[in-house]
file input_2.cif (mmCIF, C-alpha atoms and all ligand atoms)
data_target
loop_
_atom_site.label_atom_id
_atom_site.label_comp_id
_atom_site.auth_asym_id
_atom_site.auth_seq_id
_atom_site.Cartn_x
_atom_site.Cartn_y
_atom_site.Cartn_z
CA MET D 6 -57.76 -16.74 37.66
CA SER D 7 -54.85 -15.85 35.41
CA SER D 8 -55.63 -13.72 32.41
CA ASN D 9 -55.31 -16.49 29.84
CA VAL D 10 -57.41 -19.14 31.54
CA LEU D 11 -61.17 -19.24 31.32
CA PRO D 12 -63.38 -21.74 33.08
CA ALA D 13 -65.15 -24.39 31.06
CA ARG D 14 -68.55 -23.06 30.10
CA ARG D 15 -71.54 -24.47 28.31
CA GLY D 16 -74.62 -22.72 27.03
CA VAL D 17 -77.71 -24.30 25.58
CA LEU D 18 -80.36 -22.35 23.71
CA GLY D 19 -83.30 -24.13 22.14
CA LEU D 20 -82.75 -27.54 20.61
CA ALA D 21 -79.92 -26.83 18.26
CA LEU D 22 -77.45 -24.80 20.22
CA LEU D 23 -74.45 -26.11 22.02
CA THR D 24 -71.49 -23.87 22.64
CA ALA D 25 -68.71 -25.32 24.70
CA LEU D 26 -65.66 -23.40 25.73
CA THR D 27 -62.73 -25.07 27.37
CA LEU D 28 -59.29 -23.62 27.69
CA ILE D 29 -56.27 -25.38 29.06
CA ALA D 30 -53.28 -23.16 29.75
CA THR D 31 -49.93 -24.90 29.70
CA HIS D 32 -47.80 -21.81 30.32
CA PRO D 33 -48.83 -18.62 32.05
CA ALA D 34 -47.48 -16.27 29.38
CA PHE D 35 -47.39 -18.03 26.02
CA ALA D 36 -48.11 -21.22 24.12
CA ALA D 37 -51.36 -22.09 25.84
CA LYS D 38 -53.45 -24.87 24.37
CA ARG D 39 -56.91 -23.53 23.66
CA VAL D 40 -59.77 -25.88 22.91
CA PHE D 41 -63.07 -24.55 21.64
CA GLU D 42 -66.19 -26.06 20.13
CA MET D 43 -68.81 -24.16 18.22
CA ASN D 44 -71.84 -24.91 16.12
CA ILE D 45 -72.81 -23.37 12.82
CA GLU D 46 -76.50 -22.60 13.12
CA ASP D 47 -79.29 -21.24 10.98
CA THR D 48 -79.99 -17.99 12.76
CA LYS D 49 -81.99 -14.88 12.00
CA ILE D 50 -80.29 -11.62 12.86
CA THR D 51 -81.59 -8.06 12.66
CA LEU D 52 -79.30 -5.51 11.02
CA VAL D 53 -81.48 -2.51 11.80
CA GLU D 54 -85.18 -1.78 12.27
CA ARG D 55 -87.06 -4.63 10.58
CA GLN D 56 -84.32 -5.69 8.20
CA GLN D 57 -83.56 -9.28 9.11
CA PHE D 58 -81.18 -11.72 7.46
CA HIS D 59 -81.08 -15.48 7.48
CA THR D 60 -77.49 -16.25 8.51
CA PHE D 61 -75.34 -19.34 9.05
CA ALA D 62 -73.97 -18.11 12.32
CA PHE D 63 -70.87 -19.28 14.17
CA ALA D 64 -72.11 -20.11 17.70
CA GLY D 65 -75.42 -18.52 16.68
CA GLN D 66 -73.99 -15.01 16.52
CA VAL D 67 -72.90 -12.44 13.90
CA PRO D 68 -70.07 -11.60 14.09
CA GLY D 69 -68.84 -14.88 15.53
CA PRO D 70 -66.99 -15.39 18.82
CA LEU D 71 -63.77 -13.44 19.39
CA PHE D 72 -60.61 -15.51 19.28
CA TYR D 73 -58.04 -13.51 21.27
CA VAL D 74 -54.97 -15.66 21.69
CA ASP D 75 -51.25 -15.40 22.22
CA GLU D 76 -48.71 -15.85 19.45
CA GLY D 77 -47.66 -19.49 19.49
CA ASP D 78 -50.82 -20.81 21.16
CA GLU D 79 -51.99 -24.23 20.02
CA LEU D 80 -55.61 -24.07 18.91
CA GLU D 81 -58.05 -26.92 18.58
CA VAL D 82 -61.42 -25.80 17.27
CA THR D 83 -64.20 -28.30 16.63
CA VAL D 84 -66.98 -27.11 14.35
CA ASN D 85 -70.37 -28.82 14.22
CA ASN D 86 -72.42 -28.03 11.14
CA LEU D 87 -76.08 -27.87 12.15
CA THR D 88 -77.20 -26.19 8.95
CA ALA D 89 -78.44 -27.74 5.70
CA LEU D 90 -75.44 -26.63 3.60
CA PRO D 91 -71.70 -27.45 3.67
CA HIS D 92 -69.20 -25.06 5.29
CA THR D 93 -65.55 -24.73 6.37
CA ILE D 94 -63.53 -22.24 8.39
CA HIS D 95 -60.60 -20.43 6.83
CA TRP D 96 -58.32 -18.71 9.36
CA HIS D 97 -57.46 -15.68 7.26
CA GLY D 98 -53.79 -14.74 7.54
CA MET D 99 -52.63 -17.68 9.65
CA PHE D 100 -49.40 -19.14 8.25
CA GLN D 101 -50.46 -22.77 8.89
CA ARG D 102 -46.83 -23.91 8.65
CA GLY D 103 -46.93 -27.69 8.48
CA THR D 104 -50.72 -27.64 8.85
CA TRP D 105 -51.90 -26.62 5.39
CA LYS D 106 -54.80 -29.05 5.62
CA MET D 107 -56.21 -26.79 8.36
CA ASP D 108 -56.54 -23.82 5.99
CA GLY D 109 -60.24 -24.42 5.47
CA VAL D 110 -60.59 -24.28 1.70
CA PRO D 111 -63.10 -26.79 0.30
CA ASP D 112 -61.74 -29.19 -2.31
CA VAL D 113 -58.24 -27.73 -1.91
CA THR D 114 -57.29 -28.49 1.69
CA GLN D 115 -60.30 -30.53 2.90
CA LYS D 116 -63.73 -31.80 1.99
CA ALA D 117 -66.32 -29.27 3.13
CA ILE D 118 -68.06 -30.12 6.40
CA GLU D 119 -71.39 -31.62 5.36
CA PRO D 120 -74.66 -30.99 7.25
CA GLY D 121 -74.59 -32.92 10.52
CA ASP D 122 -70.82 -33.46 10.35
CA SER D 123 -68.00 -32.03 12.44
CA PHE D 124 -64.39 -31.10 11.79
CA THR D 125 -61.57 -30.20 14.17
CA TYR D 126 -59.07 -27.55 13.14
CA LYS D 127 -55.66 -27.81 14.84
CA PHE D 128 -53.02 -25.18 14.23
CA THR D 129 -50.60 -22.74 15.83
CA ALA D 130 -51.51 -19.07 16.13
CA GLU D 131 -48.94 -17.24 14.01
CA PRO D 132 -48.15 -14.56 13.03
CA SER D 133 -49.42 -11.96 15.52
CA GLY D 134 -51.85 -9.16 14.71
CA THR D 135 -55.46 -8.56 13.67
CA PHE D 136 -56.97 -11.41 11.64
CA TRP D 137 -60.38 -12.91 11.05
CA TYR D 138 -61.95 -16.23 10.26
CA HIS D 139 -64.67 -16.99 7.76
CA CYS D 140 -66.34 -19.77 5.83
CA HIS D 141 -64.67 -20.59 2.51
CA VAL D 142 -67.60 -22.36 0.83
CA ASN D 143 -69.44 -20.10 -1.61
CA VAL D 144 -67.89 -17.08 0.07
CA ASN D 145 -69.92 -14.81 -2.19
CA GLU D 146 -73.00 -15.92 -0.29
CA HIS D 147 -71.80 -17.42 3.02
CA VAL D 148 -69.53 -14.53 4.00
CA ALA D 149 -71.15 -11.64 2.17
CA MET D 150 -74.81 -12.54 2.84
CA ARG D 151 -74.87 -14.99 5.75
CA GLY D 152 -72.57 -13.47 8.35
CA MET D 153 -70.02 -16.27 8.46
CA TYR D 154 -67.13 -14.30 9.99
CA GLY D 155 -65.57 -13.40 13.29
CA PRO D 156 -62.51 -11.58 14.68
CA PHE D 157 -59.25 -13.38 15.40
CA ILE D 158 -56.58 -11.47 17.29
CA VAL D 159 -53.12 -12.82 18.04
CA ARG D 160 -51.27 -10.97 20.81
CA PRO D 161 -47.59 -10.56 19.89
CA LYS D 162 -44.68 -11.91 21.90
CA LYS D 163 -42.86 -8.64 21.22
CA PRO D 164 -45.32 -5.72 21.07
CA THR D 165 -44.27 -2.58 19.21
CA ALA D 166 -43.67 0.69 21.08
CA ILE D 167 -46.92 2.21 19.80
CA GLU D 168 -49.17 -0.68 20.82
CA LYS D 169 -47.69 -0.76 24.32
CA LYS D 170 -49.31 2.64 24.91
CA VAL D 171 -52.85 1.45 24.11
CA THR D 172 -55.41 1.68 26.94
CA LYS D 173 -58.63 0.68 25.10
CA GLU D 174 -59.29 -1.55 22.10
CA PHE D 175 -62.27 -1.90 19.81
CA VAL D 176 -62.95 -4.34 16.94
CA LEU D 177 -65.01 -3.11 13.97
CA MET D 178 -66.03 -5.64 11.31
CA LEU D 179 -67.28 -3.88 8.16
CA SER D 180 -69.93 -5.64 6.06
CA ASP D 181 -72.42 -5.00 3.27
CA TRP D 182 -75.67 -6.79 2.60
CA ALA D 183 -78.03 -7.10 -0.38
CA SER D 184 -81.53 -7.29 1.08
CA LYS D 185 -82.83 -9.04 -2.03
CA TRP D 186 -81.35 -12.28 -0.62
CA ALA D 187 -82.21 -11.73 3.05
CA ASP D 188 -84.56 -14.69 3.38
CA LYS D 189 -83.18 -16.93 0.62
CA PRO D 190 -80.47 -19.08 2.21
CA GLY D 191 -78.55 -21.01 -0.42
CA PHE D 192 -78.81 -18.16 -2.90
CA GLY D 193 -77.32 -14.70 -3.45
CA GLY D 194 -74.03 -12.94 -3.68
CA VAL D 195 -73.92 -12.64 -7.45
CA PRO D 196 -72.42 -10.05 -9.81
CA GLY D 197 -74.67 -7.04 -10.04
CA ASP D 198 -76.08 -7.39 -6.52
CA VAL D 199 -77.28 -4.11 -5.06
CA PHE D 200 -75.84 -3.71 -1.58
CA ASP D 201 -78.28 -1.62 0.40
CA TYR D 202 -77.40 -2.31 4.07
CA PHE D 203 -74.02 -1.62 5.65
CA THR D 204 -73.01 -2.68 9.12
CA LEU D 205 -70.41 -2.38 11.86
CA ASN D 206 -70.36 -5.66 13.79
CA GLY D 207 -73.61 -6.69 12.13
CA ARG D 208 -75.64 -3.57 12.97
CA ALA D 209 -76.48 -0.47 10.97
CA TYR D 210 -76.87 3.04 12.44
CA PRO D 211 -78.80 3.94 14.55
CA GLU D 212 -78.62 0.43 15.96
CA SER D 213 -74.85 0.40 15.93
CA GLU D 214 -73.27 1.40 19.20
CA PRO D 215 -71.22 4.40 20.32
CA ILE D 216 -67.47 3.99 20.81
CA ARG D 217 -67.09 5.21 24.38
CA ILE D 218 -63.73 6.60 25.43
CA GLN D 219 -62.38 9.23 27.78
CA LYS D 220 -59.74 11.92 27.58
CA GLY D 221 -56.28 10.43 27.96
CA ASP D 222 -57.14 7.07 26.41
CA VAL D 223 -54.88 5.71 23.72
CA VAL D 224 -57.41 3.91 21.54
CA ARG D 225 -56.75 1.04 19.17
CA LEU D 226 -59.40 0.48 16.51
CA ARG D 227 -59.01 -2.85 14.76
CA LEU D 228 -60.83 -2.56 11.43
CA ILE D 229 -61.66 -5.71 9.49
CA GLY D 230 -63.03 -5.63 5.93
CA ALA D 231 -65.43 -8.57 6.13
CA GLY D 232 -67.73 -7.66 3.24
CA GLU D 233 -67.76 -7.30 -0.52
CA LEU D 234 -67.23 -3.55 -0.85
CA THR D 235 -64.54 -1.00 -0.04
CA HIS D 236 -65.20 1.54 2.70
CA ALA D 237 -63.56 4.89 3.50
CA LEU D 238 -63.92 5.29 7.24
CA HIS D 239 -63.55 8.88 8.44
CA ILE D 240 -63.25 9.99 12.07
CA HIS D 241 -64.16 13.57 12.98
CA GLY D 242 -62.16 15.78 15.33
CA HIS D 243 -59.04 13.63 15.43
CA SER D 244 -56.13 12.34 13.46
CA PHE D 245 -54.94 8.79 13.99
CA GLN D 246 -51.94 6.69 13.14
CA ILE D 247 -52.33 3.73 10.80
CA ALA D 248 -50.01 1.42 12.72
CA PHE D 249 -50.71 -2.06 11.28
CA LYS D 250 -51.79 -3.40 7.89
CA ASP D 251 -53.14 -6.98 7.79
CA GLY D 252 -51.66 -7.54 11.24
CA PHE D 253 -48.15 -6.45 10.29
CA PRO D 254 -46.60 -3.39 11.96
CA LEU D 255 -45.81 -0.53 9.58
CA PRO D 256 -42.17 0.55 9.90
CA SER D 257 -43.40 4.12 10.22
CA PRO D 258 -47.08 4.64 11.14
CA ILE D 259 -49.01 6.95 8.80
CA TRP D 260 -51.02 9.92 10.09
CA ALA D 261 -54.51 10.16 8.58
CA ASP D 262 -58.14 11.02 9.25
CA THR D 263 -59.67 8.66 6.66
CA ILE D 264 -58.81 5.03 6.02
CA VAL D 265 -59.84 2.97 3.00
CA VAL D 266 -60.55 -0.64 3.94
CA GLY D 267 -61.00 -3.16 1.13
CA PRO D 268 -62.40 -6.69 1.33
CA GLY D 269 -60.25 -8.93 3.52
CA GLU D 270 -58.00 -6.08 4.68
CA ARG D 271 -57.29 -5.13 8.25
CA TYR D 272 -55.96 -1.85 9.58
CA ASP D 273 -55.15 -1.04 13.17
CA LEU D 274 -55.56 2.65 13.99
CA ILE D 275 -54.08 4.29 17.08
CA LEU D 276 -55.92 7.42 18.21
CA THR D 277 -55.12 9.61 21.19
CA ALA D 278 -58.27 10.77 22.96
CA ASP D 279 -57.46 14.45 23.39
CA ASN D 280 -60.59 16.23 22.20
CA PRO D 281 -63.67 15.59 24.39
CA GLY D 282 -66.99 15.73 22.57
CA ARG D 283 -69.25 13.63 20.37
CA TRP D 284 -67.60 12.81 17.06
CA MET D 285 -69.05 11.22 13.96
CA VAL D 286 -67.40 8.09 12.55
CA HIS D 287 -68.72 7.19 9.11
CA ASP D 288 -68.03 5.62 5.76
CA HIS D 289 -67.27 8.45 3.36
CA VAL D 290 -68.74 6.42 0.51
CA ASP D 291 -71.96 8.30 1.11
CA SER D 292 -74.28 5.67 -0.35
CA HIS D 293 -73.05 3.36 2.44
CA THR D 294 -74.70 5.60 5.04
CA MET D 295 -78.17 4.47 4.01
CA ASN D 296 -80.56 1.84 5.32
CA GLY D 297 -82.17 0.69 2.11
CA ASP D 298 -83.39 3.93 0.51
CA ARG D 299 -83.33 5.91 3.77
CA PRO D 300 -80.39 8.20 4.62
CA MET D 301 -78.63 8.60 7.99
CA GLY D 302 -78.04 4.92 8.51
CA GLY D 303 -75.60 2.25 7.49
CA MET D 304 -71.94 2.40 8.38
CA MET D 305 -71.94 5.13 10.98
CA THR D 306 -71.30 5.48 14.66
CA VAL D 307 -70.23 8.14 17.17
CA ILE D 308 -67.18 8.43 19.38
CA GLU D 309 -68.63 9.54 22.72
CA TYR D 310 -66.33 10.89 25.38
CA THR D 311 -67.74 9.70 28.69
CA GLU D 312 -67.08 13.08 30.30
CA ILE D 313 -69.56 14.75 27.89
CA LYS D 314 -73.17 14.63 29.06
CA SER D 315 -75.63 12.97 26.65
CA ASP D 316 -78.56 15.11 27.81
CA ASP D 317 -79.33 16.90 24.54
CA ALA D 318 -82.90 15.89 23.80
CA TRP D 319 -82.26 15.91 20.04
CA TYR D 320 -79.38 13.42 20.29
CA PRO D 321 -80.73 10.02 19.15
CA TRP D 322 -78.47 8.13 21.58
CA ASN D 323 -79.45 10.44 24.42
CA LYS D 324 -80.86 7.69 26.59
CA ARG D 325 -79.23 4.69 25.02
CA VAL D 326 -78.55 1.71 27.24
CA PRO D 327 -75.17 0.36 26.11
CA GLN D 328 -75.12 -3.09 24.59
CA PRO D 329 -72.41 -5.00 26.38
CA ASP D 330 -69.13 -5.64 24.61
CA PHE D 331 -70.41 -4.45 21.22
CA TYR D 332 -66.87 -3.83 19.96
CA TYR D 333 -65.43 -6.76 21.97
CA GLN D 334 -63.76 -4.13 24.18
CA ASP D 335 -64.69 -5.84 27.45
CA ALA D 336 -63.50 -9.24 26.24
CA ILE D 337 -60.18 -7.85 25.05
CA SER D 338 -59.63 -6.08 28.34
CA LYS D 339 -59.83 -9.46 30.09
CA GLY D 340 -56.85 -10.80 28.15
CA PRO D 341 -56.54 -13.78 25.83
CA GLY D 342 -59.45 -16.18 25.64
CA ILE D 343 -62.23 -17.22 23.29
CA TYR D 344 -65.34 -15.19 23.90
CA THR D 345 -68.92 -15.68 22.80
CA ASN D 346 -71.08 -12.55 22.86
CA GLU D 347 -74.80 -12.60 23.65
CA THR D 348 -75.19 -9.14 22.10
CA PHE D 349 -74.71 -10.66 18.66
CA ARG D 350 -76.88 -13.74 19.11
CA GLY D 351 -79.83 -14.00 16.75
CA GLN D 352 -83.00 -16.06 16.81
CA ALA D 353 -82.75 -19.76 16.04
CA VAL D 354 -84.37 -20.76 12.75
CA GLN D 355 -85.76 -24.25 12.36
CU CU I 401 -70.36 -21.65 4.60
#
call {"tool": "encode", "arguments": {"input": "input_2.cif", "output": "structure tokens"}}
result
Amino acid sequence: MSSNVLPARRGVLGLALLTALTLIATHPAFAAKRVFEMNIEDTKITLVERQQFHTFAFAGQVPGPLFYVDEGDELEVTVNNLTALPHTIHWHGMFQRGTWKMDGVPDVTQKAIEPGDSFTYKFTAEPSGTFWYHCHVNVNEHVAMRGMYGPFIVRPKKPTAIEKKVTKEFVLMLSDWASKWADKPGFGGVPGDVFDYFTLNGRAYPESEPIRIQKGDVVRLRLIGAGELTHALHIHGHSFQIAFKDGFPLPSPIWADTIVVGPGERYDLILTADNPGRWMVHDHVDSHTMNGDRPMGGMMTVIEYTEIKSDDAWYPWNKRVPQPDFYYQDAISKGPGIYTNETFRGQAVQ
């Protein structure tokens, strides 16, 4: 099986779930046609401990499926709205040259997709880089409170020198949640909201997942600001190069140890794994490292070098069983494709 062809696959969960994935490659290297179908479903997800949120989840998961495609690929994505509210998908950063009606903005480029209806987005993947997709109906609620987002990566035809060195990639989607609206779909995301939960890929520490690397890796962290707030992500024990902003290569990467990520922004960091240990990764906006009113939570994780033993009894992730593909690292390593992720699937809500 070549790296950019996946077999057709269907999964059914409960009454309301149908996720079909069909990819047809027309060229081995570039310009594949990729056909995908996904439902938008009322789904309950757990951020941490008992804090659940009613979400409108793409393919029943938060974040949504990973779109990892080649520059120039032709995409055809059919969306079935199984929820009780209208939605769209905006493909943030895509040029949509000649396809502006595929931009996913209600009442500007299309009528929103009503409950029970479907819509097929057809467009070309350009430019290359780290992007994301999200609903564009009542974004204040649907994106900020209901998890309507997913990663969208376009592999470049001409990679830069720095990205050619990368051996491992991770996707981190940064979000904030106001628990006041957790179980009130159709409401929330208003000025003055108190954001009290903060997640990486939909989970707050300690239910986020370690970033596991080993000495010698050249690590690419693709950060996506998918929430309402700005975060200052700091990585201990290392410096990194900020190599891409919003998908675009910087002419001269910037060395740093802290990166400020605002809403909608993406930054690609390149980090050389040269310092084995366990290293904190956290939002330096300290109030974002809380779960509600409890500290040591929120937007935090740990870089774990695999050569360091996790046998310290006091280490909370001492005996942790890894959740597969939590940062989409396994999917990305397989090459372009569109990948659902069971790790992020919530419970169906009737
Ligand atoms: Cu929506």
call {"tool": "residues_near_ligand", "arguments": {"input": "input_2.cif", "ligand": "ligand CU 401 (chain I)", "cutoff": "9 Å", "atoms": "all atoms listed in the file", "output": "JSON list (two decimals) with C-alpha atoms, in the coordinates of the input"}}
result
[["chain", "number", "residue", "atom", "x", "y", "z"],
["D", 45, "ILE", "CA", -72.81, -23.37, 12.82],
["D", 61, "PHE", "CA", -75.34, -19.34, 9.05],
["D", 90, "LEU", "CA", -75.44, -26.63, 3.60],
["D", 91, "PRO", "CA", -71.70, -27.45, 3.67],
["D", 92, "HIS", "CA", -69.20, -25.06, 5.29],
["D", 93, "THR", "CA", -65.55, -24.73, 6.37],
["D", 94, "ILE", "CA", -63.53, -22.24, 8.39],
["D", 117, "ALA", "CA", -66.32, -29.27, 3.13],
["D", 118, "ILE", "CA", -68.06, -30.12, 6.40],
["D", 139, "HIS", "CA", -64.67, -16.99, 7.76],
["D", 140, "CYS", "CA", -66.34, -19.77, 5.83],
["D", 141, "HIS", "CA", -64.67, -20.59, 2.51],
["D", 142, "VAL", "CA", -67.60, -22.36, 0.83],
["D", 143, "ASN", "CA", -69.44, -20.10, -1.61],
["D", 144, "VAL", "CA", -67.89, -17.08, 0.07],
["D", 146, "GLU", "CA", -73.00, -15.92, -0.29],
["D", 147, "HIS", "CA", -71.80, -17.42, 3.02],
["D", 148, "VAL", "CA", -69.53, -14.53, 4.00],
["D", 151, "ARG", "CA", -74.87, -14.99, 5.75],
["D", 153, "MET", "CA", -70.02, -16.27, 8.46]]
call {"tool": "residues_near_point", "arguments": {"input": "input_2.cif", "point": "(-74.6, 1.4, 13.4)", "cutoff": "12 Å", "atoms": "all atoms listed in the file", "output": "PyMOL selection string"}}
result
chain D and resi 51-54+177-180+202-216+285-288+293-296+301-308+322+331-332
call {"tool": "closest_atom_pairs", "arguments": {"input": "input_2.cif", "of": "range 186-250 of chain D", "to": "range 259-273 of chain D", "cutoff": "7 Å", "atoms": "all atoms listed in the file", "output": "JSON lines"}}
result
{"residue": "D:Arg225", "atom": "CA", "partner": "D:Asp273", "partner_atom": "CA", "distance": 6.5}
{"residue": "D:Leu226", "atom": "CA", "partner": "D:Asp273", "partner_atom": "CA", "distance": 5.6}
{"residue": "D:Arg227", "atom": "CA", "partner": "D:Asp273", "partner_atom": "CA", "distance": 4.6}
{"residue": "D:Leu228", "atom": "CA", "partner": "D:Tyr272", "partner_atom": "CA", "distance": 5.3}
{"residue": "D:Ile229", "atom": "CA", "partner": "D:Arg271", "partner_atom": "CA", "distance": 4.6}
{"residue": "D:Gly230", "atom": "CA", "partner": "D:Pro268", "partner_atom": "CA", "distance": 4.8}
{"residue": "D:Ala231", "atom": "CA", "partner": "D:Gly269", "partner_atom": "CA", "distance": 5.8}
{"residue": "D:Gly232", "atom": "CA", "partner": "D:Pro268", "partner_atom": "CA", "distance": 5.7}
{"residue": "D:Glu233", "atom": "CA", "partner": "D:Pro268", "partner_atom": "CA", "distance": 5.7}
{"residue": "D:Leu234", "atom": "CA", "partner": "D:Pro268", "partner_atom": "CA", "distance": 6.2}
{"residue": "D:Thr235", "atom": "CA", "partner": "D:Gly267", "partner_atom": "CA", "distance": 4.3}
{"residue": "D:His236", "atom": "CA", "partner": "D:Val266", "partner_atom": "CA", "distance": 5.3}
{"residue": "D:Ala237", "atom": "CA", "partner": "D:Val265", "partner_atom": "CA", "distance": 4.2}
{"residue": "D:Leu238", "atom": "CA", "partner": "D:Ile264", "partner_atom": "CA", "distance": 5.3}
{"residue": "D:His239", "atom": "CA", "partner": "D:Thr263", "partner_atom": "CA", "distance": 4.3}
{"residue": "D:Ile240", "atom": "CA", "partner": "D:Asp262", "partner_atom": "CA", "distance": 5.9}
{"residue": "D:His243", "atom": "CA", "partner": "D:Asp262", "partner_atom": "CA", "distance": 6.8}
{"residue": "D:Ser244", "atom": "CA", "partner": "D:Asp262", "partner_atom": "CA", "distance": 4.8}
{"residue": "D:Phe245", "atom": "CA", "partner": "D:Ala261", "partner_atom": "CA", "distance": 5.6}
{"residue": "D:Gln246", "atom": "CA", "partner": "D:Trp260", "partner_atom": "CA", "distance": 4.5}
{"residue": "D:Ile247", "atom": "CA", "partner": "D:Ile259", "partner_atom": "CA", "distance": 5.0}
{"residue": "D:Ala248", "atom": "CA", "partner": "D:Asp273", "partner_atom": "CA", "distance": 5.7}
{"residue": "D:Phe249", "atom": "CA", "partner": "D:Asp273", "partner_atom": "CA", "distance": 4.9}
{"residue": "D:Lys250", "atom": "CA", "partner": "D:Tyr272", "partner_atom": "CA", "distance": 4.8}
call {"tool": "residues_around", "arguments": {"input": "input_2.cif", "residues": "range 165-168 of chain D", "least_positions_apart": "2", "cutoff": "12 Å", "atoms": "all atoms listed in the file", "output": "JSON, numbers by chain"}}
result
{"D": [133, 134, 160, 161, 162, 163, 170, 171, 172, 173, 174, 223, 224, 225, 226, 227, 245, 246, 247, 248, 249, 252, 253, 254, 255, 256, 257, 258, 273, 274, 275, 276, 277]}
call {"tool": "write_last_selection", "arguments": {"input": "input_2.cif", "atoms": "C-alpha atoms", "output": "PDB file, in the frame of the given file"}}
result
ATOM      1  CA  SER D 133     -49.420 -11.960  15.520  1.00  0.00           C
ATOM      2  CA  GLY D 134     -51.850  -9.160  14.710  1.00  0.00           C
ATOM      3  CA  ARG D 160     -51.270 -10.970  20.810  1.00  0.00           C
ATOM      4  CA  PRO D 161     -47.590 -10.560  19.890  1.00  0.00           C
ATOM      5  CA  LYS D 162     -44.680 -11.910  21.900  1.00  0.00           C
ATOM      6  CA  LYS D 163     -42.860  -8.640  21.220  1.00  0.00           C
ATOM      7  CA  LYS D 170     -49.310   2.640  24.910  1.00  0.00           C
ATOM      8  CA  VAL D 171     -52.850   1.450  24.110  1.00  0.00           C
ATOM      9  CA  THR D 172     -55.410   1.680  26.940  1.00  0.00           C
ATOM     10  CA  LYS D 173     -58.630   0.680  25.100  1.00  0.00           C
ATOM     11  CA  GLU D 174     -59.290  -1.550  22.100  1.00  0.00           C
ATOM     12  CA  VAL D 223     -54.880   5.710  23.720  1.00  0.00           C
ATOM     13  CA  VAL D 224     -57.410   3.910  21.540  1.00  0.00           C
ATOM     14  CA  ARG D 225     -56.750   1.040  19.170  1.00  0.00           C
ATOM     15  CA  LEU D 226     -59.400   0.480  16.510  1.00  0.00           C
ATOM     16  CA  ARG D 227     -59.010  -2.850  14.760  1.00  0.00           C
ATOM     17  CA  PHE D 245     -54.940   8.790  13.990  1.00  0.00           C
ATOM     18  CA  GLN D 246     -51.940   6.690  13.140  1.00  0.00           C
ATOM     19  CA  ILE D 247     -52.330   3.730  10.800  1.00  0.00           C
ATOM     20  CA  ALA D 248     -50.010   1.420  12.720  1.00  0.00           C
ATOM     21  CA  PHE D 249     -50.710  -2.060  11.280  1.00  0.00           C
ATOM     22  CA  GLY D 252     -51.660  -7.540  11.240  1.00  0.00           C
ATOM     23  CA  PHE D 253     -48.150  -6.450  10.290  1.00  0.00           C
ATOM     24  CA  PRO D 254     -46.600  -3.390  11.960  1.00  0.00           C
ATOM     25  CA  LEU D 255     -45.810  -0.530   9.580  1.00  0.00           C
ATOM     26  CA  PRO D 256     -42.170   0.550   9.900  1.00  0.00           C
ATOM     27  CA  SER D 257     -43.400   4.120  10.220  1.00  0.00           C
ATOM     28  CA  PRO D 258     -47.080   4.640  11.140  1.00  0.00           C
ATOM     29  CA  ASP D 273     -55.150  -1.040  13.170  1.00  0.00           C
ATOM     30  CA  LEU D 274     -55.560   2.650  13.990  1.00  0.00           C
ATOM     31  CA  ILE D 275     -54.080   4.290  17.080  1.00  0.00           C
ATOM     32  CA  LEU D 276     -55.920   7.420  18.210  1.00  0.00           C
ATOM     33  CA  THR D 277     -55.120   9.610  21.190  1.00  0.00           C
TER      34      THR D 277
END
call {"tool": "axis_aligned_box", "arguments": {"input": "input_2.cif", "around": "range 90-96 of chain D", "padding_each_side": "5 Å", "output": "lines of an AutoDock Vina configuration file"}}
result
center_x = -66.9
center_y = -23.1
center_z = 6.5
size_x = 27.1
size_y = 18.7
size_z = 15.8
call {"tool": "residues_around", "arguments": {"input": "input_2.cif", "residues": "range 310-314 of chain D", "least_positions_apart": "4", "cutoff": "9 Å", "atoms": "all atoms listed in the file", "output": "VMD selection string"}}
result
chain D and resid 216 to 220 278 280 to 284 323
call {"tool": "residues_near_point", "arguments": {"input": "input_2.cif", "point": "(-54.8, -10.9, 15.8)", "cutoff": "6 Å", "atoms": "only C-alpha atoms", "output": "ChimeraX atom specification"}}
result
/D:133-136,157-159
call {"tool": "closest_residue", "arguments": {"input": "input_2.cif", "among": "D:Met43, D:Val199, D:Ala187, D:Ala130", "to": "Thr60 in chain D", "atoms": "all atoms listed in the file"}}
result
D:Ala187
call {"tool": "atom_distance", "arguments": {"input": "input_2.cif", "atom1": "CA of Val354 in chain D", "atom2": "CA of Ile50 in chain D"}}
result
10.0 Å
call {"tool": "closest_residue", "arguments": {"input": "input_2.cif", "among": "D:Gly297, D:Gly109, D:Gly155, D:Ser338", "to": "Asp181 in chain D", "atoms": "all atoms listed in the file"}}
result
D:Gly297
call {"tool": "closest_residue", "arguments": {"input": "input_2.cif", "among": "D:Pro111, D:Pro156, D:Gly103, D:Pro164", "to": "Leu71 in chain D", "atoms": "all atoms listed in the file"}}
result
D:Pro156
call {"tool": "atom_distance", "arguments": {"input": "input_2.cif", "atom1": "CA of Ala37 in chain D", "atom2": "CA of Asp330 in chain D"}}
result
24.2 Å
call {"tool": "atom_distance", "arguments": {"input": "input_2.cif", "atom1": "CA of Asp188 in chain D", "atom2": "CA of Gln66 in chain D"}}
result
16.9 Å
call {"tool": "closest_residue", "arguments": {"input": "input_2.cif", "among": "D:Leu80, D:Val326, D:Gln334, D:His59", "to": "Lys189 in chain D", "atoms": "all atoms listed in the file"}}
result
D:His59
call {"tool": "closest_residue", "arguments": {"input": "input_2.cif", "among": "D:Glu42, D:Met150, D:Pro68, D:Asp201", "to": "Phe124 in chain D", "atoms": "only C-alpha atoms"}}
result
D:Glu42
call {"tool": "closest_residue", "arguments": {"input": "input_2.cif", "among": "D:Trp105, D:Gly197, D:Ser292, D:Glu309", "to": "Gly242 in chain D", "atoms": "all atoms listed in the file"}}
result
D:Glu309
